[in-house]
Every structure is written in C-alpha cells, then in structure tokens.
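What follows is my_file_37.cif (mmCIF, C-alpha atoms).
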data_structure
#
loop_
_atom_site.label_atom_id
_atom_site.label_comp_id
_atom_site.auth_asym_id
_atom_site.auth_seq_id
_atom_site.Cartn_x
_atom_site.Cartn_y
_atom_site.Cartn_z
CA MET A 6 -73.91 96.38 57.89
CA ASN A 7 -74.97 96.72 61.46
CA PRO A 8 -73.68 100.04 62.84
CA LYS A 9 -74.13 98.78 66.41
CA VAL A 10 -71.01 97.46 68.09
CA ALA A 11 -71.65 94.77 70.66
CA PHE A 12 -70.09 95.21 74.10
CA PRO A 13 -67.14 92.83 74.00
CA ARG A 14 -67.46 89.77 76.17
CA SER A 15 -63.93 90.17 77.57
CA HIS A 16 -64.82 93.67 78.82
CA LEU A 17 -67.93 92.30 80.51
CA SER A 18 -65.84 89.62 82.21
CA CYS A 19 -63.42 92.27 83.45
CA LEU A 20 -66.24 94.40 84.83
CA LEU A 21 -67.80 91.42 86.60
CA ALA A 22 -64.45 90.43 88.10
CA LEU A 23 -63.89 94.03 89.23
CA GLY A 24 -67.32 94.09 90.87
CA LEU A 25 -66.53 90.85 92.65
CA LEU A 26 -63.25 92.28 93.90
CA LEU A 27 -65.03 95.37 95.23
CA LEU A 28 -67.45 93.14 97.13
CA MET A 29 -64.52 91.28 98.65
CA SER A 30 -63.04 94.42 100.27
CA HIS A 31 -63.42 94.82 103.99
CA THR A 32 -63.03 97.70 106.39
CA ALA A 33 -60.69 96.33 109.03
CA SER A 34 -57.47 96.74 107.07
CA ALA A 35 -58.32 100.32 106.13
CA HIS A 36 -57.53 101.66 109.57
CA SER A 37 -54.47 99.72 110.56
CA GLU A 38 -51.06 101.41 110.75
CA ALA A 39 -49.35 98.29 111.96
CA GLY A 40 -47.64 95.60 109.88
CA ASN A 41 -45.84 95.90 106.56
CA VAL A 42 -48.86 96.68 104.38
CA GLY A 43 -50.47 98.96 106.96
CA GLY A 44 -47.23 100.90 107.30
CA PHE A 45 -46.92 101.30 103.53
CA VAL A 46 -50.54 102.44 103.11
CA SER A 47 -50.23 104.86 106.01
CA GLY A 48 -46.97 106.29 104.65
CA PHE A 49 -48.34 106.49 101.10
CA ARG A 50 -51.42 108.39 102.23
CA HIS A 51 -49.53 110.88 104.38
CA PRO A 52 -48.19 113.24 101.66
CA LEU A 53 -51.59 113.08 99.96
CA THR A 54 -53.55 114.36 102.95
CA GLY A 55 -52.51 118.04 102.89
CA LEU A 56 -53.34 120.29 99.93
CA ASP A 57 -50.47 122.64 100.85
CA HIS A 58 -48.00 119.77 100.44
CA ILE A 59 -49.60 118.38 97.29
CA VAL A 60 -49.55 121.67 95.37
CA ALA A 61 -45.91 122.33 96.28
CA MET A 62 -44.82 118.82 95.16
CA VAL A 63 -46.71 119.19 91.89
CA ALA A 64 -45.23 122.68 91.42
CA VAL A 65 -41.71 121.22 91.74
CA GLY A 66 -42.47 118.77 88.93
CA LEU A 67 -44.11 121.48 86.81
CA TRP A 68 -41.18 123.83 87.24
CA GLY A 69 -38.71 121.06 86.48
CA ALA A 70 -40.52 120.25 83.26
CA TYR A 71 -40.66 123.95 82.37
CA LEU A 72 -36.93 124.39 82.96
CA GLY A 73 -36.19 121.30 80.84
CA ALA A 74 -33.15 119.01 81.16
CA PRO A 75 -31.12 118.77 83.37
CA ALA A 76 -33.42 120.53 85.90
CA MET A 77 -36.28 118.19 85.04
CA TRP A 78 -34.42 115.21 86.48
CA LEU A 79 -32.17 117.02 88.95
CA LEU A 80 -35.07 118.38 91.03
CA PRO A 81 -36.77 114.96 91.53
CA VAL A 82 -33.38 113.49 92.54
CA VAL A 83 -32.59 116.32 94.99
CA PHE A 84 -36.03 116.88 96.49
CA PRO A 85 -36.70 113.43 98.10
CA VAL A 86 -33.25 113.33 99.69
CA VAL A 87 -33.47 116.86 101.15
CA MET A 88 -37.07 116.28 102.22
CA ALA A 89 -36.08 113.05 103.96
CA PHE A 90 -33.35 115.02 105.75
CA GLY A 91 -36.01 117.48 106.95
CA GLY A 92 -38.23 114.52 107.83
CA ALA A 93 -35.42 113.01 109.89
CA LEU A 94 -35.07 116.32 111.79
CA GLY A 95 -38.82 116.24 112.45
CA VAL A 96 -38.77 112.61 113.58
CA LEU A 97 -35.90 113.37 115.97
CA GLY A 98 -37.75 116.40 117.35
CA VAL A 99 -35.22 119.01 116.19
CA PRO A 100 -37.19 122.30 116.13
CA LEU A 101 -37.37 124.44 112.99
CA PRO A 102 -38.92 127.93 113.04
CA GLY A 103 -41.85 128.98 110.83
CA VAL A 104 -42.47 125.58 109.27
CA GLU A 105 -46.11 126.14 108.29
CA LYS A 106 -45.46 129.64 106.95
CA CYS A 107 -42.55 128.41 104.84
CA ILE A 108 -44.74 125.62 103.44
CA ALA A 109 -47.38 128.17 102.42
CA LEU A 110 -44.63 130.39 101.03
CA SER A 111 -43.30 127.46 99.00
CA GLY A 112 -46.67 127.15 97.27
CA ILE A 113 -46.65 130.86 96.48
CA LEU A 114 -43.06 131.09 95.20
CA LEU A 115 -42.97 127.80 93.30
CA GLY A 116 -46.41 128.47 91.83
CA LEU A 117 -45.35 131.97 90.76
CA ALA A 118 -42.12 130.58 89.29
CA VAL A 119 -44.21 128.29 87.07
CA GLY A 120 -46.80 131.02 86.40
CA VAL A 121 -44.30 133.64 85.20
CA ALA A 122 -42.17 130.94 83.51
CA ALA A 123 -39.10 131.91 85.55
CA ARG A 124 -35.85 130.45 84.25
CA PRO A 125 -33.16 131.04 86.87
CA LYS A 126 -29.80 129.26 86.91
CA ILE A 127 -30.12 125.59 87.79
CA TRP A 128 -28.31 125.92 91.13
CA ILE A 129 -30.69 128.71 92.21
CA ALA A 130 -33.71 126.51 91.38
CA ALA A 131 -32.14 123.54 93.21
CA VAL A 132 -31.33 125.63 96.32
CA LEU A 133 -34.84 127.13 96.41
CA VAL A 134 -36.51 123.74 96.00
CA GLY A 135 -34.13 122.14 98.51
CA PHE A 136 -34.77 124.90 101.06
CA PHE A 137 -38.53 124.37 100.93
CA ALA A 138 -38.13 120.58 100.86
CA ILE A 139 -36.61 120.72 104.37
CA PHE A 140 -39.76 122.39 105.75
CA HIS A 141 -42.12 120.00 103.98
CA GLY A 142 -40.10 117.05 105.26
CA HIS A 143 -39.98 118.46 108.78
CA ALA A 144 -43.77 118.89 108.88
CA HIS A 145 -44.25 115.30 107.73
CA GLY A 146 -41.61 114.04 110.14
CA THR A 147 -43.21 115.57 113.22
CA GLU A 148 -46.60 114.11 112.24
CA LEU A 149 -45.39 110.54 111.65
CA PRO A 150 -47.26 108.03 113.80
CA SER A 151 -45.03 106.00 116.10
CA SER A 152 -47.15 102.87 115.62
CA ALA A 153 -46.32 102.50 111.93
CA ASN A 154 -43.76 100.02 110.62
CA PRO A 155 -40.80 102.39 110.05
CA ILE A 156 -39.40 100.96 106.85
CA THR A 157 -42.64 100.32 104.95
CA TYR A 158 -43.97 103.67 106.18
CA ALA A 159 -40.87 105.39 104.78
CA ILE A 160 -41.19 103.48 101.48
CA GLY A 161 -44.85 104.54 101.09
CA PHE A 162 -44.05 108.11 102.04
CA VAL A 163 -41.17 108.53 99.59
CA VAL A 164 -42.97 106.73 96.74
CA ALA A 165 -46.07 108.94 97.13
CA THR A 166 -43.92 112.09 97.14
CA GLY A 167 -42.03 110.91 94.08
CA LEU A 168 -45.25 110.13 92.25
CA LEU A 169 -46.54 113.64 92.99
CA HIS A 170 -43.39 115.03 91.36
CA LEU A 171 -43.81 112.73 88.40
CA SER A 172 -47.44 113.80 87.95
CA GLY A 173 -46.22 117.42 87.99
CA ILE A 174 -43.54 116.60 85.41
CA ALA A 175 -46.07 114.72 83.25
CA PHE A 176 -48.43 117.71 83.34
CA GLY A 177 -45.52 120.07 82.79
CA LEU A 178 -44.51 118.25 79.59
CA LEU A 179 -47.55 119.88 78.00
CA VAL A 180 -45.37 123.00 77.57
CA ARG A 181 -44.33 121.54 74.19
CA TRP A 182 -47.61 122.83 72.79
CA PRO A 183 -48.75 126.49 72.90
CA TRP A 184 -52.08 125.62 74.56
CA GLY A 185 -50.22 123.40 77.03
CA ARG A 186 -47.94 126.29 77.98
CA VAL A 187 -51.01 128.35 78.87
CA ALA A 188 -52.46 125.45 80.90
CA VAL A 189 -49.21 124.90 82.82
CA ARG A 190 -48.79 128.61 83.59
CA ALA A 191 -52.42 128.83 84.69
CA ALA A 192 -51.81 125.84 86.99
CA GLY A 193 -48.81 127.69 88.41
CA PHE A 194 -50.88 130.76 89.22
CA ALA A 195 -53.60 128.53 90.75
CA ILE A 196 -50.95 126.92 92.99
CA ALA A 197 -49.70 130.37 94.03
CA LEU A 198 -53.27 131.38 94.89
CA ILE A 199 -53.71 128.29 97.05
CA GLY A 200 -50.43 129.16 98.77
CA PHE A 201 -51.71 132.69 99.42
CA GLY A 202 -54.85 131.19 100.93
CA PHE A 203 -52.83 129.06 103.36
CA LEU A 204 -50.55 131.97 104.28
CA PHE A 205 -53.55 134.24 104.85
CA ASP A 206 -55.09 131.64 107.16
CA LEU A 207 -51.84 131.37 109.12
CA ILE A 208 -51.44 135.13 109.53
CA LYS A 209 -55.09 135.52 110.54
CA ALA A 210 -54.91 132.74 113.14
CA MET B 7 -38.56 82.80 109.89
CA THR B 8 -40.37 79.57 109.01
CA VAL B 9 -43.39 80.01 106.77
CA GLN B 10 -46.28 77.63 107.45
CA GLY B 11 -46.89 74.99 104.76
CA MET B 12 -43.55 75.37 102.99
CA ASN B 13 -40.42 73.30 103.13
CA HIS B 14 -37.47 74.78 104.94
CA PHE B 15 -35.42 75.59 101.85
CA THR B 16 -38.27 77.53 100.17
CA SER B 17 -39.15 79.22 103.41
CA GLY B 18 -35.53 80.35 103.79
CA ALA B 19 -35.42 81.49 100.16
CA LEU B 20 -38.49 83.65 100.66
CA HIS B 21 -37.16 85.27 103.82
CA PRO B 22 -35.12 88.10 102.20
CA LEU B 23 -38.02 88.95 99.91
CA MET B 24 -40.44 89.22 102.82
CA THR B 25 -38.22 91.51 104.88
CA PRO B 26 -38.48 95.09 103.52
CA ALA B 27 -35.14 96.18 105.03
CA HIS B 28 -33.37 93.30 103.24
CA VAL B 29 -35.13 94.10 99.95
CA LEU B 30 -33.95 97.70 100.26
CA VAL B 31 -30.32 96.66 100.76
CA LEU B 32 -30.42 94.05 97.97
CA LEU B 33 -32.02 96.52 95.58
CA SER B 34 -29.45 99.21 96.36
CA LEU B 35 -26.58 96.73 95.88
CA GLY B 36 -28.04 95.53 92.57
CA LEU B 37 -28.36 99.12 91.36
CA CYS B 38 -24.88 100.02 92.59
CA VAL B 39 -23.14 97.04 90.94
CA GLY B 40 -25.08 97.19 87.67
CA GLN B 41 -25.41 100.94 87.10
CA HIS B 42 -22.34 101.37 84.91
CA PRO B 43 -21.96 98.70 82.23
CA PRO B 44 -20.05 96.58 81.29
CA LEU B 45 -21.12 94.39 84.19
CA ARG B 46 -18.20 93.17 86.29
CA LEU B 47 -19.66 90.77 88.84
CA LYS B 48 -16.78 88.47 89.72
CA ILE B 49 -15.32 90.36 92.67
CA PRO B 50 -18.43 91.98 94.22
CA LEU B 51 -20.57 88.85 93.89
CA SER B 52 -17.79 86.59 95.23
CA VAL B 53 -17.36 88.86 98.25
CA PHE B 54 -21.14 88.94 98.73
CA ALA B 55 -21.47 85.15 98.49
CA VAL B 56 -18.57 84.39 100.85
CA VAL B 57 -19.48 87.00 103.49
CA SER B 58 -23.21 86.21 103.46
CA GLY B 59 -22.43 82.48 103.73
CA MET B 60 -20.13 83.09 106.70
CA ALA B 61 -22.64 85.41 108.38
CA LEU B 62 -25.50 82.93 107.92
CA GLY B 63 -23.27 80.20 109.33
CA TRP B 64 -22.46 82.41 112.30
CA THR B 65 -26.17 82.72 113.17
CA MET B 66 -26.17 78.95 113.86
CA THR B 67 -24.04 79.56 116.94
CA GLY B 68 -26.94 81.49 118.51
CA ASP B 69 -24.68 84.40 119.48
CA ILE B 70 -26.45 86.86 117.17
CA ALA B 71 -30.04 87.88 117.86
CA GLY B 72 -30.39 90.10 114.77
CA VAL B 73 -29.08 93.32 113.29
CA HIS B 74 -30.37 96.80 114.09
CA GLN B 75 -32.50 98.15 111.26
CA ALA B 76 -30.43 101.36 111.24
CA ILE B 77 -27.35 99.34 110.19
CA LEU B 78 -29.21 97.78 107.26
CA ALA B 79 -30.56 101.23 106.33
CA GLY B 80 -27.04 102.67 106.62
CA VAL B 81 -25.68 100.21 104.03
CA ALA B 82 -28.64 100.96 101.71
CA LEU B 83 -28.05 104.69 102.23
CA VAL B 84 -24.41 104.57 101.12
CA ALA B 85 -25.14 102.29 98.13
CA GLY B 86 -28.21 104.40 97.17
CA ALA B 87 -26.20 107.63 97.44
CA SER B 88 -23.56 106.27 95.06
CA VAL B 89 -26.34 105.43 92.58
CA ALA B 90 -28.02 108.85 92.96
CA VAL B 91 -24.71 110.70 92.43
CA GLY B 92 -24.20 108.69 89.27
CA SER B 93 -20.41 108.52 89.12
CA PRO B 94 -18.93 105.00 88.94
CA LEU B 95 -17.45 103.53 92.12
CA PRO B 96 -14.07 101.79 92.13
CA MET B 97 -14.23 98.00 92.37
CA TRP B 98 -12.91 97.92 95.96
CA ALA B 99 -15.76 100.23 97.07
CA LYS B 100 -18.37 98.04 95.37
CA ALA B 101 -16.85 94.95 96.97
CA THR B 102 -16.80 96.64 100.41
CA LEU B 103 -20.44 97.65 100.07
CA CYS B 104 -21.39 94.13 98.99
CA GLY B 105 -19.47 92.73 101.96
CA ALA B 106 -21.16 95.09 104.41
CA GLY B 107 -24.60 94.35 102.98
CA ALA B 108 -23.97 90.61 103.02
CA LEU B 109 -22.78 90.74 106.63
CA ALA B 110 -25.78 92.78 107.81
CA ILE B 111 -28.40 90.72 105.98
CA GLY B 112 -26.72 87.42 106.80
CA LEU B 113 -26.56 88.14 110.53
CA ASP B 114 -30.17 89.31 110.45
CA SER B 115 -31.44 86.13 108.78
CA GLY B 116 -30.90 83.54 111.50
CA ALA B 117 -33.30 80.57 111.58
CA ASP B 118 -35.52 80.68 114.66
CA SER B 119 -35.83 77.02 115.59
CA GLY B 120 -35.91 73.47 114.24
CA THR B 121 -33.65 70.50 113.89
CA GLY B 122 -30.10 70.92 112.67
CA LEU B 123 -31.03 69.79 109.17
CA ALA B 124 -34.01 72.16 109.05
CA VAL B 125 -31.86 75.11 110.09
CA VAL B 126 -29.16 74.28 107.53
CA SER B 127 -31.79 73.84 104.82
CA THR B 128 -33.43 77.16 105.70
CA LEU B 129 -30.13 79.04 105.73
CA LEU B 130 -29.10 77.44 102.44
CA GLY B 131 -32.35 78.69 100.90
CA THR B 132 -31.69 82.17 102.22
CA TRP B 133 -28.13 82.12 100.89
CA PHE B 134 -29.20 81.10 97.37
CA ALA B 135 -31.97 83.72 97.35
CA LEU B 136 -29.61 86.49 98.49
CA ILE B 137 -27.10 85.74 95.75
CA LEU B 138 -29.85 85.43 93.13
CA CYS B 139 -31.36 88.77 94.17
CA VAL B 140 -28.08 90.70 93.80
CA LEU B 141 -27.19 88.83 90.61
CA ASN B 142 -30.59 89.49 89.04
CA GLY B 143 -30.73 93.09 90.18
CA ALA B 144 -27.27 93.92 88.84
CA HIS B 145 -27.87 92.02 85.59
CA TYR B 146 -31.16 93.73 84.72
CA VAL B 147 -29.99 97.18 85.80
CA SER B 148 -26.89 96.72 83.65
CA LEU B 149 -29.00 95.55 80.69
CA ALA B 150 -31.21 98.63 81.05
CA ALA B 151 -28.25 100.97 81.50
CA GLU B 152 -26.61 99.63 78.31
CA LYS B 153 -29.42 101.14 76.27
CA ASP B 154 -28.63 104.63 75.07
CA LYS B 155 -31.72 106.20 76.58
CA GLN B 156 -31.33 109.10 78.97
CA TRP B 157 -34.57 108.43 80.84
CA ILE B 158 -33.32 104.97 81.92
CA HIS B 159 -30.17 106.49 83.46
CA ILE B 160 -32.33 109.16 85.14
CA GLY B 161 -34.75 106.50 86.39
CA ILE B 162 -31.87 104.54 87.97
CA ARG B 163 -30.59 107.69 89.70
CA VAL B 164 -34.09 108.62 90.91
CA ALA B 165 -34.43 105.08 92.33
CA GLY B 166 -31.12 105.64 94.13
CA SER B 167 -32.34 108.93 95.58
CA TRP B 168 -35.56 107.28 96.78
CA ILE B 169 -33.49 104.58 98.51
CA VAL B 170 -31.40 107.30 100.21
CA ALA B 171 -34.57 109.12 101.35
CA ILE B 172 -36.14 105.92 102.72
CA SER B 173 -32.93 104.93 104.49
CA LEU B 174 -32.54 108.39 106.06
CA LEU B 175 -36.06 108.18 107.49
CA VAL B 176 -35.50 104.65 108.77
CA VAL B 177 -32.28 105.72 110.52
CA ALA B 178 -34.17 108.66 112.09
CA PHE B 179 -36.97 106.33 113.24
CA ALA B 180 -34.41 103.98 114.78
CA LEU B 181 -32.64 106.84 116.58
CA ARG B 182 -35.97 108.15 117.93
CA LYS B 183 -36.88 104.68 119.19
CA GLN B 184 -33.50 104.38 120.90
CA GLY B 185 -33.89 107.82 122.52
CA ARG B 186 -37.15 106.85 124.21
#
For the file at hand, write its structure as structure tokens.
Amino acid sequence: MNPKVAFPRSHLSCLLALGLLLLMSHTASAHSEAGNVGGFVSGFRHPLTGLDHIVAMVAVGLWGAYLGAPAMWLLPVVFPVVMAFGGALGVLGVPLPGVEKCIALSGILLGLAVGVAARPKIWIAAVLVGFFAIFHGHAHGTELPSSANPITYAIGFVVATGLLHLSGIAFGLLVRWPWGRVAVRAAGFAIALIGFGFLFDLIKA
Amino acid sequence: MTVQGMNHFTSGALHPLMTPAHVLVLLSLGLCVGQHPPLRLKIPLSVFAVVSGMALGWTMTGDIAGVHQAILAGVALVAGASVAVGSPLPMWAKATLCGAGALAIGLDSGADSGTGLAVVSTLLGTWFALILCVLNGAHYVSLAAEKDKQWIHIGIRVAGSWIVAISLLVVAFALRKQGR
C-alpha cells in the first residue's frame, strides 16, 4: 500500500481559484469611505484599529462567558446599545470628561475581573460594562468620518464590535476545561496589563 | 431607482434590497412579527400590504421627494428594541409598527422617471418585494424560534440589539447633518 496521499485535485482547484481572486484585487476600493460598501468597510475597520478598544471588547465577552448564563448573553445585548448611545453623544459633539482614561481603566478593570474570576451580581456586571461602553462609544463617535455612508458605516461598526464580543465569548467558553480556565484568566491579566500600559502613557503625556 | 439592463418590475423588486435603510426596517419588522411563535401574520401583514401599497401609489403624485433616513431608522429602532427586550408585543403594536414601516419605506421608494406603465410596473415590483421580505423574515424567524434552543432566542435578541445600535447611530448622524 502506498503510504503517500496525493494532494486532492479539488484542493488544488480551490487554491488556483483563490490565487486568481487575489490577482484580481485592486487598490482603489481599499481607500474609499464613500458608497455603501466603502461605508461598511470603513465602519467595520474602525473598532479594529485601536488595541485599547479591542482588548476591552474581548474582555467583555470573556467575562460574560466566565459568569455563564444569563450574563453571557445579557452583556452582548446591553453593550452594543449602550455603546451606540455613547457613539451618538460623540457624533453630536456632546462632551464627556476623561474619555481616554476611562477607556484605559476599562481594560484594567475588565481584565482584572476576568483574571481574578470575579463573580459579582449580574446587575453590577451590567452597570460596569454599560458605564465603560459609553466611553468606548463616545471615542468612536467623535472619530467617525463625515464622508462615510451613515447607515452602512453604522452596520459595519456594530457588526465588528459584536464579533469582537463573540470572539471573547468563544475564547471564554474554554473555562469548561481546567487548562482553559488558566488560559482565560491569563488572558484577563494580559488585558489588564495592556490597560495599565495605556493609562501609564496617558498620565505621562 | 431604475437598474440598467433590467425590466422595470425586477428593478423595482430589487430596490428595497439595495437600500440599506429599507433592509434594516424590513429585517426589524420580520424579527418583531416572527419572534414569538405561533406566527400570526394576518393583521400585521395586511396592514403592511395596504399601507405600503397606498404609500407607493402616493409617490406617483410627485408630492413626496423621499423620507428622511432618521425616520426609517426610528421605526427600525422601536421594532429592534422590542426584539431585544424579548417580551411579546400586543397585536395592535405589531400592526402599528408594520404600518409605520410600510409608510416610511413606501414613501421613500418613488420611481424616478419613465412612462406611466414603467412607473406602475416598477412600483408593483417594489410592493411585491416588500411584502415578500416581511413575510419571509417573519416566517423564518418564527420557524427558528419554534425550536427549543436557547441560543436561537439569544441570537434573535442580539440581532435586535444590533439593529437598535445601528439605528441610534444613524439617527445621530442625521441630527449632526441637520445641525450643520
């Protein structure tokens, strides 16, 4: 019997088609914020451009998964709505004090909550997450480009934020296994460290 | 709203699907009507069909130039909020939401130009597509919600909260634009 396994033809066809698709890409559409697709891409990329935002979103998902039901689904339902409220304040130019510091603080507190496996009452977790969501939303809102298509920008923005939560929840589901619990708590401490880094930078500046 | 290379009916039918604000409203209405099985479509869908038909007919007079995006987002916001909260709405509230959505989308879907027959054909296409979208949305959401799986109910509520978040931002964008 031949131990060698031939590379399946269907896989080769897929690879060739993928290569062809890569060759067909062009640069012009990569920089446009106008139009439906441009607005969506621009909005989708926005929450993914700042590490301070990313770690906090992931921490929300991680914490939710750690707390289990109903927190696991309550936090992803509450967060986008409250964040959009903060975003609306930012878009309308309503000032909010200490936005950047609160964002850094959110990384620290949410990361520590995951790291020490804190299990507060659900309403306390929801209020804490909601409080920080306003600042994250506000920061995004003030940075939104005016050239983007409003509705597709908002769709991309909310979908990207939601997917960050879901990735946090997916990672957080590892807590079912003992080694996963260690990995999730370690991730929480890493997030808190990143938050400290941002806060340190802000205080130093 | 005419799409090059298509007949007027198809072009009209594609219009709601190519307008993100309309998709948002139709999706929120579908979720709202179908979230709590058993599916009761008779009243909300009748209201939707009648009001959207009347609104589309009204656009033929040329009096309406379109609907502000904030109004469309407002309807999606209320319907999305009811889905996110998760408690069933009374039938009159569902019917009112369907009526408001149908009025907003209908008035925003006027045919730009063409002969009388072309305009009627385009609007007829839009009308069929609007009804089909709500009908399909509600039907499939209801089918999914009938299954005794918690993650499906959570998914529907998360979708509702995303619609609320998107609508809030769109309303804020519209207000900022108006303030300038």
**OP:** Would you kindly report the residues of chain A within 6 Å of chain B, using all atoms listed in the file, as a ChimeraX atom specification?
**Re:** /A:82,85-86,89,93,97,155-156,159-160
Atoms kept (C-alpha atoms) for selection, written as a PDB file, keeping the file's coordinate frame:
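Writing the result to again24.pdb gives the following:
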ATOM      1  CA  VAL A  82     -33.380 113.490  92.540  1.00  0.00           C
ATOM      2  CA  PRO A  85     -36.700 113.430  98.100  1.00  0.00           C
ATOM      3  CA  VAL A  86     -33.250 113.330  99.690  1.00  0.00           C
ATOM      4  CA  ALA A  89     -36.080 113.050 103.960  1.00  0.00           C
ATOM      5  CA  ALA A  93     -35.420 113.010 109.890  1.00  0.00           C
ATOM      6  CA  LEU A  97     -35.900 113.370 115.970  1.00  0.00           C
ATOM      7  CA  PRO A 155     -40.800 102.390 110.050  1.00  0.00           C
ATOM      8  CA  ILE A 156     -39.400 100.960 106.850  1.00  0.00           C
ATOM      9  CA  ALA A 159     -40.870 105.390 104.780  1.00  0.00           C
ATOM     10  CA  ILE A 160     -41.190 103.480 101.480  1.00  0.00           C
TER      11      ILE A 160
END
**OP:** Would you kindly return, as a ChimeraX atom specification, each protein, DNA or RNA residue with an atom no farther than 6 Å from any atom of stretch 49-61 of chain B, considering all atoms listed in the file and excluding same-chain residues fewer than 5 positions away?
**Re:** /B:101,104-105,108-109,112-113
Subject >> Picked residues, the PyMOL selection byres ((chain A and resi 143) around 8), as a PyMOL selection string >> reply: chain A and resi 88+91-96+101+104+139-142+144-147
**OP:** Point out the residue among A:His58, A:Lys209, A:Arg190, A:His170 with the least atom-to-atom distance to A:Gly116, counting only C-alpha atoms.
**Re:** A:Arg190
Let me know the residues the PyMOL selection byres ((chain B and resi 22) around 12) catches in the file above, as a short mmCIF file (atom, residue, chain, number, x, y, z; two decimals) with C-alpha atoms, in the frame of the given file.
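Everything below was put into part_39.cif:
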data_model
loop_
_atom_site.label_atom_id
_atom_site.label_comp_id
_atom_site.auth_asym_id
_atom_site.auth_seq_id
_atom_site.Cartn_x
_atom_site.Cartn_y
_atom_site.Cartn_z
CA MET B 7 -38.56 82.80 109.89
CA THR B 16 -38.27 77.53 100.17
CA SER B 17 -39.15 79.22 103.41
CA GLY B 18 -35.53 80.35 103.79
CA ALA B 19 -35.42 81.49 100.16
CA LEU B 20 -38.49 83.65 100.66
CA HIS B 21 -37.16 85.27 103.82
CA LEU B 23 -38.02 88.95 99.91
CA MET B 24 -40.44 89.22 102.82
CA THR B 25 -38.22 91.51 104.88
CA PRO B 26 -38.48 95.09 103.52
CA ALA B 27 -35.14 96.18 105.03
CA HIS B 28 -33.37 93.30 103.24
CA VAL B 29 -35.13 94.10 99.95
CA LEU B 30 -33.95 97.70 100.26
CA VAL B 31 -30.32 96.66 100.76
CA LEU B 32 -30.42 94.05 97.97
CA LEU B 33 -32.02 96.52 95.58
CA ALA B 108 -23.97 90.61 103.02
CA ALA B 110 -25.78 92.78 107.81
CA ILE B 111 -28.40 90.72 105.98
CA GLY B 112 -26.72 87.42 106.80
CA LEU B 113 -26.56 88.14 110.53
CA ASP B 114 -30.17 89.31 110.45
CA SER B 115 -31.44 86.13 108.78
CA GLY B 116 -30.90 83.54 111.50
CA THR B 128 -33.43 77.16 105.70
CA LEU B 129 -30.13 79.04 105.73
CA GLY B 131 -32.35 78.69 100.90
CA THR B 132 -31.69 82.17 102.22
CA TRP B 133 -28.13 82.12 100.89
CA PHE B 134 -29.20 81.10 97.37
CA ALA B 135 -31.97 83.72 97.35
CA LEU B 136 -29.61 86.49 98.49
CA ILE B 137 -27.10 85.74 95.75
CA LEU B 138 -29.85 85.43 93.13
CA CYS B 139 -31.36 88.77 94.17
CA VAL B 140 -28.08 90.70 93.80
#
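Rounded to one decimal, atom CA of A:Ile108 and atom CA of A:Ala175 lie 23.0 Å from each other.
With atom CA of A:Ala197 on one side and atom CA of A:Leu115 on the other, the separation reads 7.2 Å.
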Can you tell me, as JSON, the centre and edge lengths (Å, one decimal) of the axis-aligned box enclosing all of stretch 173-190 of chain A's listed atoms after padding each side by 4 Å?
{"center_x": -48.0, "center_y": 121.7, "center_z": 80.4, "size_x": 16.9, "size_y": 21.9, "size_z": 23.2}
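As for atom CA of A:Gly173 and atom CA of A:Val63, they are spaced 4.3 Å apart.
Neighbouring residues of B:Ser34 at 6 Å or closer, counting all atoms listed in the file and skipping chain neighbours under 4 positions away, are Cys38, Ala82, Ala85 and Gly86 of chain B.
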Original post:
Given the file above and the PyMOL selection byres ((chain B and resi 146) around 12), which residues are selected, and can you give them as number ranges by chain?
Top reply: B: 33, 36-45, 138-145, 147-153, 158, 162
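Of the listed residues A:Ala123, A:Leu80, A:Leu133, A:Val87, the one whose atoms come nearest to A:Ile174 is A:Leu80, with distances taken using only C-alpha atoms.
Residue nearest A:Pro125, chosen from A:Leu72, A:Leu204, A:Cys107, A:Val163 and counting only C-alpha atoms: A:Leu72.
Residue nearest A:Leu117 within the list A:Ala76, A:Ala131, A:Val83, A:Leu198: A:Leu198 [criterion: smallest interatomic distance, all atoms listed in the file].
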